[in-house]
$ cat start07.cif   # mmCIF, C-alpha atoms
data_protein
#
loop_
_atom_site.label_atom_id
_atom_site.label_comp_id
_atom_site.auth_asym_id
_atom_site.auth_seq_id
_atom_site.Cartn_x
_atom_site.Cartn_y
_atom_site.Cartn_z
CA MET A 211 -29.64 -9.17 17.29
CA SER A 212 -31.50 -10.51 14.25
CA GLN A 213 -29.67 -12.27 11.46
CA GLU A 214 -30.40 -9.38 9.07
CA LYS A 215 -28.87 -6.87 11.50
CA GLN A 216 -25.84 -9.08 12.03
CA ILE A 217 -25.28 -9.31 8.28
CA SER A 218 -25.75 -5.55 7.98
CA ALA A 219 -23.26 -4.88 10.77
CA ARG A 220 -20.70 -7.22 9.22
CA SER A 221 -21.20 -5.62 5.82
CA PHE A 222 -20.72 -2.15 7.30
CA ALA A 223 -17.59 -3.24 9.17
CA ARG A 224 -16.15 -4.84 6.04
CA ALA A 225 -16.89 -1.75 3.97
CA ALA A 226 -15.25 0.48 6.59
CA TYR A 227 -12.22 -1.82 6.73
CA ASP A 228 -11.88 -1.85 2.94
CA ARG A 229 -12.29 1.92 2.65
CA TYR A 230 -10.21 3.20 5.54
CA ILE A 231 -7.73 0.49 6.51
CA VAL A 232 -7.05 -1.02 3.10
CA GLY A 233 -7.84 1.93 0.83
CA ALA A 234 -6.87 5.03 2.79
CA MET A 235 -3.93 3.52 4.67
CA SER A 236 -2.48 1.95 1.53
CA SER A 237 -2.81 5.29 -0.21
CA MET A 238 -1.07 6.96 2.73
CA ALA A 239 1.97 4.83 1.91
CA PHE A 240 2.14 6.47 -1.53
CA GLY A 241 2.31 9.87 0.12
CA LEU A 242 5.08 8.69 2.41
CA PHE A 243 6.94 7.23 -0.54
CA ALA A 244 6.60 10.46 -2.55
CA SER A 245 8.09 12.53 0.26
CA LEU A 246 9.82 10.93 3.24
CA ILE A 247 11.03 7.77 1.50
CA ILE A 248 12.33 9.63 -1.56
CA GLY A 249 13.99 12.04 0.86
CA VAL A 250 15.86 9.10 2.42
CA VAL A 251 17.03 8.03 -1.04
CA PHE A 252 18.12 11.59 -1.92
CA THR A 253 20.00 11.82 1.39
CA GLN A 254 22.06 8.76 0.53
CA LEU A 255 22.69 9.89 -3.06
CA ALA A 256 23.69 13.38 -1.90
CA LYS A 257 26.64 11.84 -0.04
CA ILE A 258 28.23 11.16 -3.42
CA PRO A 259 30.26 14.31 -4.23
CA VAL A 260 28.93 14.74 -7.78
CA LEU A 261 25.35 14.44 -6.48
CA ALA A 262 25.69 16.88 -3.57
CA PHE A 263 23.24 19.20 -5.36
CA LEU A 264 20.47 16.83 -4.17
CA THR A 265 20.94 17.97 -0.56
CA PRO A 266 18.20 20.65 -0.67
CA LEU A 267 15.79 18.12 -2.18
CA ALA A 268 16.62 15.64 0.55
CA ALA A 269 15.95 18.27 3.20
CA ILE A 270 12.66 19.60 1.84
CA THR A 271 11.14 16.19 1.15
CA GLN A 272 11.64 15.27 4.81
CA GLU A 273 10.01 18.40 6.25
CA LYS A 274 6.93 17.60 8.36
CA THR A 275 4.62 19.90 6.43
CA VAL A 276 5.74 18.49 3.08
CA ILE A 277 5.30 14.90 4.24
CA GLY A 278 1.92 15.72 5.74
CA ALA A 279 0.75 17.47 2.57
CA ALA A 280 1.78 14.47 0.45
CA VAL A 281 0.03 12.10 2.85
CA GLY A 282 -3.14 14.21 2.91
CA VAL A 283 -3.36 14.36 -0.88
CA SER A 284 -2.68 10.64 -1.28
CA ILE A 285 -5.35 9.70 1.28
CA ALA A 286 -7.99 11.92 -0.33
CA TYR A 287 -7.05 10.51 -3.72
CA GLY A 288 -7.36 6.97 -2.34
CA LEU A 289 -10.84 7.82 -1.06
CA LYS A 290 -11.74 8.92 -4.61
CA SER A 291 -12.52 12.46 -3.50
CA LYS A 292 -13.28 15.28 -5.92
CA PRO A 293 -10.21 17.14 -7.25
CA LEU A 294 -10.72 20.26 -5.11
CA VAL A 295 -11.02 18.08 -2.02
CA VAL A 296 -7.85 16.21 -2.95
CA PHE A 297 -5.87 19.43 -3.38
CA SER A 298 -7.24 20.95 -0.18
CA SER A 299 -6.28 17.85 1.76
CA ALA A 300 -2.67 18.96 1.42
CA VAL A 301 -3.47 21.53 4.10
CA THR A 302 -5.28 19.16 6.46
CA GLY A 303 -2.58 16.51 6.05
CA ALA A 304 0.19 19.02 6.74
CA LEU A 305 -1.51 20.29 9.89
CA GLY A 306 -2.35 16.78 11.10
CA TYR A 307 1.21 15.54 10.53
CA SER A 308 2.71 18.56 12.28
CA LEU A 309 0.52 18.01 15.35
CA GLY A 310 0.35 14.23 15.51
CA GLY A 311 2.60 12.51 12.99
CA PRO A 312 1.33 10.04 10.36
CA LEU A 313 -1.72 8.98 12.36
CA GLY A 314 -2.64 12.63 12.95
CA ALA A 315 -2.39 13.30 9.22
CA PHE A 316 -4.47 10.20 8.53
CA ALA A 317 -7.27 11.30 10.89
CA ALA A 318 -7.32 14.88 9.61
CA ALA A 319 -7.25 13.92 5.92
CA VAL A 320 -9.91 11.22 6.23
CA ILE A 321 -12.32 13.36 8.24
CA GLY A 322 -11.82 16.40 6.03
CA ALA A 323 -12.27 14.44 2.82
CA GLU A 324 -15.30 12.48 4.03
CA ILE A 325 -17.18 15.52 5.33
CA ALA A 326 -16.36 17.49 2.17
CA ARG A 327 -17.71 14.59 0.15
CA LEU A 328 -21.19 15.55 1.33
CA VAL A 329 -21.04 18.89 -0.52
CA ALA A 330 -18.30 18.56 -3.17
CA GLY A 331 -19.59 19.04 -6.70
CA LYS A 332 -23.16 19.64 -5.54
CA THR A 333 -23.39 23.44 -5.53
CA PRO A 334 -22.66 26.30 -7.98
CA VAL A 335 -19.99 27.62 -5.57
CA ASP A 336 -18.02 24.38 -5.40
CA ILE A 337 -14.71 26.12 -6.09
CA ILE A 338 -15.07 27.88 -2.74
CA LEU A 339 -17.22 25.49 -0.75
CA SER A 340 -15.19 22.30 -1.29
CA PRO A 341 -11.84 23.71 -0.09
CA PHE A 342 -13.56 25.59 2.73
CA VAL A 343 -15.35 22.53 4.10
CA THR A 344 -12.33 20.26 3.61
CA ILE A 345 -9.90 22.56 5.38
CA LEU A 346 -12.32 23.59 8.11
CA SER A 347 -13.45 20.08 9.05
CA GLY A 348 -10.04 18.48 8.54
CA GLY A 349 -8.30 21.34 10.31
CA VAL A 350 -10.56 21.11 13.36
CA ALA A 351 -10.06 17.33 13.40
CA ALA A 352 -6.30 17.88 13.28
CA MET A 353 -6.35 20.34 16.18
CA VAL A 354 -8.62 18.15 18.31
CA LEU A 355 -7.50 14.61 17.44
CA ALA A 356 -3.94 14.80 16.10
CA PRO A 357 -2.22 15.54 19.43
CA TYR A 358 -3.89 12.49 20.98
CA ALA A 359 -3.06 10.39 17.92
CA GLY A 360 0.54 11.48 18.29
CA LYS A 361 0.61 10.52 21.96
CA LEU A 362 -0.97 7.14 21.19
CA THR A 363 1.54 6.30 18.49
CA ASP A 364 4.45 7.58 20.59
CA TRP A 365 3.34 5.29 23.40
CA LEU A 366 2.80 2.30 21.13
CA GLY A 367 6.08 2.86 19.32
CA GLY A 368 7.85 3.24 22.65
CA VAL A 369 6.46 -0.08 23.85
CA VAL A 370 7.50 -1.91 20.67
CA ASN A 371 10.94 -0.29 20.52
CA GLN A 372 11.67 -0.89 24.20
CA TRP A 373 10.46 -4.48 24.00
CA ALA A 374 12.84 -5.11 21.11
CA THR A 375 15.69 -3.66 23.14
CA LEU A 376 14.91 -5.70 26.26
CA GLN A 377 13.83 -8.94 24.54
CA PRO A 378 15.52 -8.90 21.11
CA LEU A 379 14.98 -12.60 20.34
CA PRO A 380 11.18 -12.94 20.76
CA ALA A 381 10.61 -9.37 19.64
CA GLY A 382 12.72 -9.93 16.54
CA ILE A 383 10.72 -13.01 15.60
CA LEU A 384 7.29 -11.49 16.20
CA ILE A 385 7.96 -8.04 14.71
CA ALA A 386 9.56 -9.51 11.59
CA LEU A 387 6.73 -12.00 11.15
CA LEU A 388 3.87 -9.54 11.66
CA VAL A 389 5.31 -6.66 9.63
CA GLY A 390 6.45 -9.05 6.90
CA MET A 391 2.99 -10.57 6.61
CA THR A 392 1.48 -7.06 6.65
CA LEU A 393 3.61 -6.25 3.62
CA THR A 394 1.91 -9.03 1.65
CA SER A 395 -1.56 -8.26 3.08
CA PRO A 396 -3.83 -5.47 1.82
CA ILE A 397 -2.58 -3.22 4.64
CA SER A 398 0.44 -0.96 4.14
CA SER A 399 3.48 -2.09 6.14
CA ALA A 400 5.21 1.24 5.47
CA GLY A 401 2.17 3.10 6.77
CA LEU A 402 2.03 0.86 9.83
CA CYS A 403 5.71 1.35 10.67
CA ALA A 404 5.45 5.09 10.13
CA ALA A 405 2.29 5.34 12.22
CA ILE A 406 3.84 3.74 15.31
CA GLY A 407 7.25 5.34 14.79
CA ILE A 408 9.16 2.07 14.86
CA SER A 409 12.88 2.65 15.41
CA GLY A 410 16.09 1.12 16.72
CA ILE A 411 16.52 -2.62 16.36
CA ALA A 412 12.74 -2.98 16.14
CA SER A 413 12.96 -1.21 12.77
CA GLY A 414 15.72 -3.62 11.78
CA ALA A 415 13.46 -6.56 12.60
CA ALA A 416 10.68 -5.01 10.51
CA LEU A 417 13.06 -4.46 7.60
CA ALA A 418 14.35 -8.03 7.84
CA GLY A 419 10.82 -9.42 7.96
CA CYS A 420 9.65 -7.42 4.95
CA SER A 421 12.75 -8.20 2.91
CA ALA A 422 12.53 -11.91 3.71
CA GLN A 423 8.84 -11.94 2.78
CA MET A 424 9.63 -10.41 -0.60
CA VAL A 425 12.67 -12.58 -1.31
CA GLY A 426 10.88 -15.65 0.03
CA PHE A 427 8.00 -15.30 -2.42
CA ALA A 428 10.36 -14.32 -5.24
CA VAL A 429 12.55 -17.42 -4.82
CA ALA A 430 9.74 -19.85 -4.03
CA SER A 431 7.77 -18.75 -7.10
CA PHE A 432 10.72 -18.64 -9.49
CA GLY A 433 9.56 -21.80 -11.23
CA ASP A 434 6.17 -20.22 -11.88
CA ASN A 435 7.24 -16.67 -12.76
CA GLY A 436 10.86 -16.71 -13.93
CA ILE A 437 13.27 -13.81 -13.70
CA GLY A 438 10.56 -11.18 -14.13
CA GLY A 439 8.68 -12.48 -11.11
CA LEU A 440 11.92 -12.74 -9.15
CA LEU A 441 12.69 -9.06 -9.68
CA SER A 442 9.14 -7.73 -9.39
CA GLN A 443 8.65 -9.44 -6.03
CA GLY A 444 12.19 -9.34 -4.65
CA LEU A 445 12.71 -5.66 -5.42
CA GLY A 446 9.08 -4.60 -5.86
CA THR A 447 6.46 -6.03 -3.55
CA SER A 448 5.16 -9.38 -2.37
CA LYS A 449 1.63 -7.93 -2.56
CA LEU A 450 1.63 -9.31 -6.09
CA GLN A 451 1.04 -12.70 -4.49
CA LEU A 452 -2.02 -11.57 -2.51
CA PRO A 453 -4.60 -13.04 -4.94
CA ASN A 454 -2.81 -16.39 -4.73
CA VAL A 455 -2.52 -16.21 -0.94
CA LEU A 456 -6.27 -15.69 -0.64
CA THR A 457 -7.00 -18.87 -2.59
CA LYS A 458 -4.00 -20.95 -1.46
CA PRO A 459 -2.89 -19.67 1.95
CA GLN A 460 -0.37 -22.51 2.30
CA ILE A 461 1.98 -20.67 -0.08
CA TRP A 462 2.47 -18.11 2.72
CA ILE A 463 4.26 -20.67 4.91
CA VAL A 464 7.74 -20.45 3.40
CA PRO A 465 8.00 -16.62 3.18
CA SER A 466 6.59 -16.28 6.71
CA ILE A 467 9.12 -18.72 8.16
CA ALA A 468 11.84 -16.80 6.35
CA SER A 469 10.57 -13.54 7.89
CA ALA A 470 10.46 -14.98 11.40
CA ALA A 471 13.97 -16.43 10.99
CA MET A 472 15.56 -13.19 9.77
CA GLY A 473 14.15 -11.02 12.57
CA PRO A 474 16.42 -12.35 15.34
CA LEU A 475 19.44 -12.08 13.05
CA ALA A 476 18.69 -8.38 12.65
CA THR A 477 18.11 -7.78 16.37
CA CYS A 478 20.49 -10.21 18.09
CA VAL A 479 23.36 -10.70 15.65
CA PHE A 480 23.77 -7.74 13.31
CA ASN A 481 22.01 -4.97 15.31
CA ILE A 482 20.37 -3.50 12.21
CA SER A 483 18.21 -0.36 12.34
CA THR A 484 16.81 2.02 9.73
CA GLY A 485 17.03 5.77 9.45
CA ALA A 486 13.29 6.22 8.82
CA SER A 487 10.34 4.34 10.27
CA ALA A 488 8.50 4.04 6.97
CA ALA A 489 11.62 2.65 5.29
CA ALA A 490 11.51 -0.34 7.66
CA GLY A 491 8.14 -1.31 6.22
CA MET A 492 9.35 -0.93 2.62
CA GLY A 493 11.67 -3.92 2.75
CA ASN A 494 13.72 -4.25 -0.43
CA CYS A 495 11.24 -2.22 -2.50
CA GLY A 496 13.43 0.00 -4.63
CA LEU A 497 16.24 -0.82 -2.19
CA VAL A 498 14.76 1.83 0.11
CA GLY A 499 14.99 -0.24 3.30
CA PRO A 500 18.59 -1.40 2.81
CA LEU A 501 19.69 2.11 1.79
CA SER A 502 18.02 3.58 4.87
CA ALA A 503 19.77 1.04 7.11
CA LEU A 504 23.14 1.69 5.49
CA GLY A 505 22.59 5.42 5.79
CA LYS A 506 22.13 4.90 9.53
CA SER A 507 25.10 2.57 10.07
CA GLY A 508 27.49 3.71 7.36
CA TYR A 509 28.84 1.84 4.36
CA SER A 510 31.47 -0.22 6.11
CA PHE A 511 32.20 -3.74 4.88
CA TYR A 512 30.46 -5.17 7.95
CA SER A 513 27.32 -3.07 7.44
CA VAL A 514 27.03 -3.85 3.74
CA ALA A 515 27.65 -7.55 4.36
CA SER A 516 25.06 -7.72 7.15
CA ILE A 517 22.40 -6.12 4.94
CA LEU A 518 23.20 -8.41 2.02
CA LEU A 519 23.02 -11.48 4.26
CA VAL A 520 19.83 -10.59 6.19
CA CYS A 521 17.84 -8.93 3.41
CA PHE A 522 18.87 -11.04 0.43
CA ILE A 523 21.16 -14.06 0.77
CA PHE A 524 19.94 -15.86 3.89
CA PRO A 525 16.21 -15.55 3.10
CA ALA A 526 16.82 -16.67 -0.48
CA VAL A 527 18.69 -19.79 0.59
CA LEU A 528 16.21 -20.58 3.36
CA ALA A 529 13.21 -20.09 1.06
CA ALA A 530 14.73 -22.30 -1.64
CA VAL A 531 15.35 -25.13 0.82
CA LEU A 532 11.96 -24.86 2.53
CA HIS A 533 10.12 -24.63 -0.78
CA TYR A 534 11.85 -27.80 -2.01
CA PHE A 535 10.65 -29.77 1.00
CA ILE A 536 7.14 -28.30 1.11
CA LYS A 537 6.66 -29.18 -2.56
CA LYS A 538 7.66 -32.75 -1.70
CA THR A 539 4.71 -32.93 0.70
CA GLY A 540 2.29 -31.87 -2.05
CA LEU A 541 1.06 -28.93 0.00
CA VAL A 542 2.31 -26.49 -2.62
CA LYS A 543 2.24 -27.36 -6.32
CA ASP A 544 3.59 -25.90 -9.53
CA GLY A 545 1.43 -23.01 -10.66
CA ASP A 546 0.15 -22.12 -7.18
CA MET A 547 2.21 -18.91 -7.15
CA ARG A 548 1.89 -17.88 -10.77
CA LEU A 549 1.29 -14.13 -10.85
CA ILE A 550 -2.02 -13.14 -12.33
CA THR A 551 -0.31 -10.37 -14.33
CA ARG A 552 1.79 -12.94 -16.15
CA ASP A 553 0.68 -13.62 -19.74
#

$ encode --input "start07.cif" --output "structure tokens"
Amino acid sequence: MSQEKQISARSFARAAYDRYIVGAMSSMAFGLFASLIIGVVFTQLAKIPVLAFLTPLAAITQEKTVIGAAVGVSIAYGLKSKPLVVFSSAVTGALGYSLGGPLGAFAAAVIGAEIARLVAGKTPVDIILSPFVTILSGGVAAMVLAPYAGKLTDWLGGVVNQWATLQPLPAGILIALLVGMTLTSPISSAGLCAAIGISGIASGAALAGCSAQMVGFAVASFGDNGIGGLLSQGLGTSKLQLPNVLTKPQIWIVPSIASAAMGPLATCVFNISTGASAAAGMGNCGLVGPLSALGKSGYSFYSVASILLVCFIFPAVLAAVLHYFIKKTGLVKDGDMRLITRD
């Protein structure tokens, strides 16, 4: 293969990765958050007697068709589709999710939106043609591909979940590390966890890894970003550090060690699991992950204490200690983790 063809192939692969893995999958997480994840929050709030009226909202936001519709719309929006294509993707996403879960919805929404992109806004009958092409192509993709996507993710999730059950120590370390690092990367950790249907103590490891990643960056960068950075990363997302990670990857060491250390505590010591797969990949974002875990285990003193220790206290202490020593080596310096949004 000539050098020009190699460059062209790499450029195409990078563009596809940016568009579908980074763009579409990250957007899928917004759809999950606007349906399934909010449903988990409503479920917990509805247990409070004065908030029992939220029960119907909790139920409807966790229906497969509702989740799929939200996912379909968010994916099409992330692909910058025309409005009619975005709205029509609610149908393709709902069908794909019903037949094959998150990955089925992803395949149906992406295919429907990309094929409709060829005709959307280009004819006088766009109001009919765009929805027709979107739903037809995405619907066929859902019927053909979604069942296989569902089987693939069921198999993969089964492997991960069973491995965590049989080998909780190495599985806890690796799952927490990989999912935690995914949280900071351009890829959606919530989308990844939802796609493979992570559950049981494997979901607890993922939650611990994501939470430790967030708290690790928040504590380590406190000197650079203050209380605002502490809260925006510790309860928001560690993705805020991605621009700094790309230029100074050594700042990823402390949060990643914290993630790897918290995983085994979740799997081997506290037996933590979440009530929803996507919640495991949310970490402490909006307290969704901890609330999901407490909703699964109950609000006993032991459960609350285990979540506080694994998701907040232990990673904060570990990150503070590790950051102190790594700064002594000169590998990480003041200002390396200053958020670019900070004035």

$ closest_atom_pairs --input "start07.cif" --of "region 319-397 of chain A" --to "region 267-278 of chain A" --cutoff "12 Å" --atoms "all atoms listed in the file" --output "JSON lines"
{"residue": "A:Ala319", "atom": "CA", "partner": "A:Gly278", "partner_atom": "CA", "distance": 9.3}
{"residue": "A:Ala352", "atom": "CA", "partner": "A:Gly278", "partner_atom": "CA", "distance": 11.4}
{"residue": "A:Ala356", "atom": "CA", "partner": "A:Gly278", "partner_atom": "CA", "distance": 11.9}

$ resolve_selection --input "start07.cif" --expression "the PyMOL selection byres ((chain A and resi 254) around 12)" --output "JSON, numbers by chain"
{"A": [247, 248, 249, 250, 251, 252, 253, 255, 256, 257, 258, 259, 261, 262, 264, 265, 267, 268, 269, 485, 497, 498, 499, 500, 501, 502, 503, 504, 505, 506, 507, 508, 509]}

$ write_last_selection --input "start07.cif" --atoms "C-alpha atoms" --output "tab-separated table (two decimals), in the frame of the given file"
chain	number	residue	atom	x	y	z
A	247	ILE	CA	11.03	7.77	1.50
A	248	ILE	CA	12.33	9.63	-1.56
A	249	GLY	CA	13.99	12.04	0.86
A	250	VAL	CA	15.86	9.10	2.42
A	251	VAL	CA	17.03	8.03	-1.04
A	252	PHE	CA	18.12	11.59	-1.92
A	253	THR	CA	20.00	11.82	1.39
A	255	LEU	CA	22.69	9.89	-3.06
A	256	ALA	CA	23.69	13.38	-1.90
A	257	LYS	CA	26.64	11.84	-0.04
A	258	ILE	CA	28.23	11.16	-3.42
A	259	PRO	CA	30.26	14.31	-4.23
A	261	LEU	CA	25.35	14.44	-6.48
A	262	ALA	CA	25.69	16.88	-3.57
A	264	LEU	CA	20.47	16.83	-4.17
A	265	THR	CA	20.94	17.97	-0.56
A	267	LEU	CA	15.79	18.12	-2.18
A	268	ALA	CA	16.62	15.64	0.55
A	269	ALA	CA	15.95	18.27	3.20
A	485	GLY	CA	17.03	5.77	9.45
A	497	LEU	CA	16.24	-0.82	-2.19
A	498	VAL	CA	14.76	1.83	0.11
A	499	GLY	CA	14.99	-0.24	3.30
A	500	PRO	CA	18.59	-1.40	2.81
A	501	LEU	CA	19.69	2.11	1.79
A	502	SER	CA	18.02	3.58	4.87
A	503	ALA	CA	19.77	1.04	7.11
A	504	LEU	CA	23.14	1.69	5.49
A	505	GLY	CA	22.59	5.42	5.79
A	506	LYS	CA	22.13	4.90	9.53
A	507	SER	CA	25.10	2.57	10.07
A	508	GLY	CA	27.49	3.71	7.36
A	509	TYR	CA	28.84	1.84	4.36

$ closest_residue --input "start07.cif" --among "A:Ala405, A:Ala226, A:Ser347, A:Arg327" --to "Gly310 (chain A)" --atoms "only C-alpha atoms"
A:Ala405

$ resolve_selection --input "start07.cif" --expression "the PyMOL selection byres ((chain A and resi 452) around 10)" --output "PDB file with C-alpha atoms, in the frame of the given file"
ATOM      1  CA  LEU A 393       3.610  -6.250   3.620  1.00  0.00           C
ATOM      2  CA  THR A 394       1.910  -9.030   1.650  1.00  0.00           C
ATOM      3  CA  SER A 395      -1.560  -8.260   3.080  1.00  0.00           C
ATOM      4  CA  PRO A 396      -3.830  -5.470   1.820  1.00  0.00           C
ATOM      5  CA  SER A 448       5.160  -9.380  -2.370  1.00  0.00           C
ATOM      6  CA  LYS A 449       1.630  -7.930  -2.560  1.00  0.00           C
ATOM      7  CA  LEU A 450       1.630  -9.310  -6.090  1.00  0.00           C
ATOM      8  CA  GLN A 451       1.040 -12.700  -4.490  1.00  0.00           C
ATOM      9  CA  PRO A 453      -4.600 -13.040  -4.940  1.00  0.00           C
ATOM     10  CA  ASN A 454      -2.810 -16.390  -4.730  1.00  0.00           C
ATOM     11  CA  VAL A 455      -2.520 -16.210  -0.940  1.00  0.00           C
ATOM     12  CA  LEU A 456      -6.270 -15.690  -0.640  1.00  0.00           C
ATOM     13  CA  THR A 457      -7.000 -18.870  -2.590  1.00  0.00           C
ATOM     14  CA  LYS A 458      -4.000 -20.950  -1.460  1.00  0.00           C
ATOM     15  CA  PRO A 459      -2.890 -19.670   1.950  1.00  0.00           C
ATOM     16  CA  TRP A 462       2.470 -18.110   2.720  1.00  0.00           C
ATOM     17  CA  MET A 547       2.210 -18.910  -7.150  1.00  0.00           C
ATOM     18  CA  LEU A 549       1.290 -14.130 -10.850  1.00  0.00           C
ATOM     19  CA  ILE A 550      -2.020 -13.140 -12.330  1.00  0.00           C
TER      20      ILE A 550
END

$ resolve_selection --input "start07.cif" --expression "the PyMOL selection byres ((chain A and resi 370) around 9)" --output "PyMOL selection string"
chain A and resi 365-369+371-375+381+385+406+408-409+412

$ atom_distance --input "start07.cif" --atom1 "CA of Met492 (chain A)" --atom2 "CA of Leu519 (chain A)"
17.3 Å

$ residues_around --input "start07.cif" --residues "Pro380 (chain A)" --least-positions-apart "6" --cutoff "12 Å" --atoms "all atoms listed in the file" --output "list in words"
Val370, Trp373, Ala374, Ala386, Leu387, Ala412, Ala415, Ala470, Ala471, Met472, Gly473, Pro474, Leu475, Ala476, Thr477 and Cys478 of chain A

$ write_last_selection --input "start07.cif" --atoms "C-alpha atoms" --output "PDB file, in the frame of the given file"
ATOM      1  CA  VAL A 370       7.500  -1.910  20.670  1.00  0.00           C
ATOM      2  CA  TRP A 373      10.460  -4.480  24.000  1.00  0.00           C
ATOM      3  CA  ALA A 374      12.840  -5.110  21.110  1.00  0.00           C
ATOM      4  CA  ALA A 386       9.560  -9.510  11.590  1.00  0.00           C
ATOM      5  CA  LEU A 387       6.730 -12.000  11.150  1.00  0.00           C
ATOM      6  CA  ALA A 412      12.740  -2.980  16.140  1.00  0.00           C
ATOM      7  CA  ALA A 415      13.460  -6.560  12.600  1.00  0.00           C
ATOM      8  CA  ALA A 470      10.460 -14.980  11.400  1.00  0.00           C
ATOM      9  CA  ALA A 471      13.970 -16.430  10.990  1.00  0.00           C
ATOM     10  CA  MET A 472      15.560 -13.190   9.770  1.00  0.00           C
ATOM     11  CA  GLY A 473      14.150 -11.020  12.570  1.00  0.00           C
ATOM     12  CA  PRO A 474      16.420 -12.350  15.340  1.00  0.00           C
ATOM     13  CA  LEU A 475      19.440 -12.080  13.050  1.00  0.00           C
ATOM     14  CA  ALA A 476      18.690  -8.380  12.650  1.00  0.00           C
ATOM     15  CA  THR A 477      18.110  -7.780  16.370  1.00  0.00           C
ATOM     16  CA  CYS A 478      20.490 -10.210  18.090  1.00  0.00           C
TER      17      CYS A 478
END
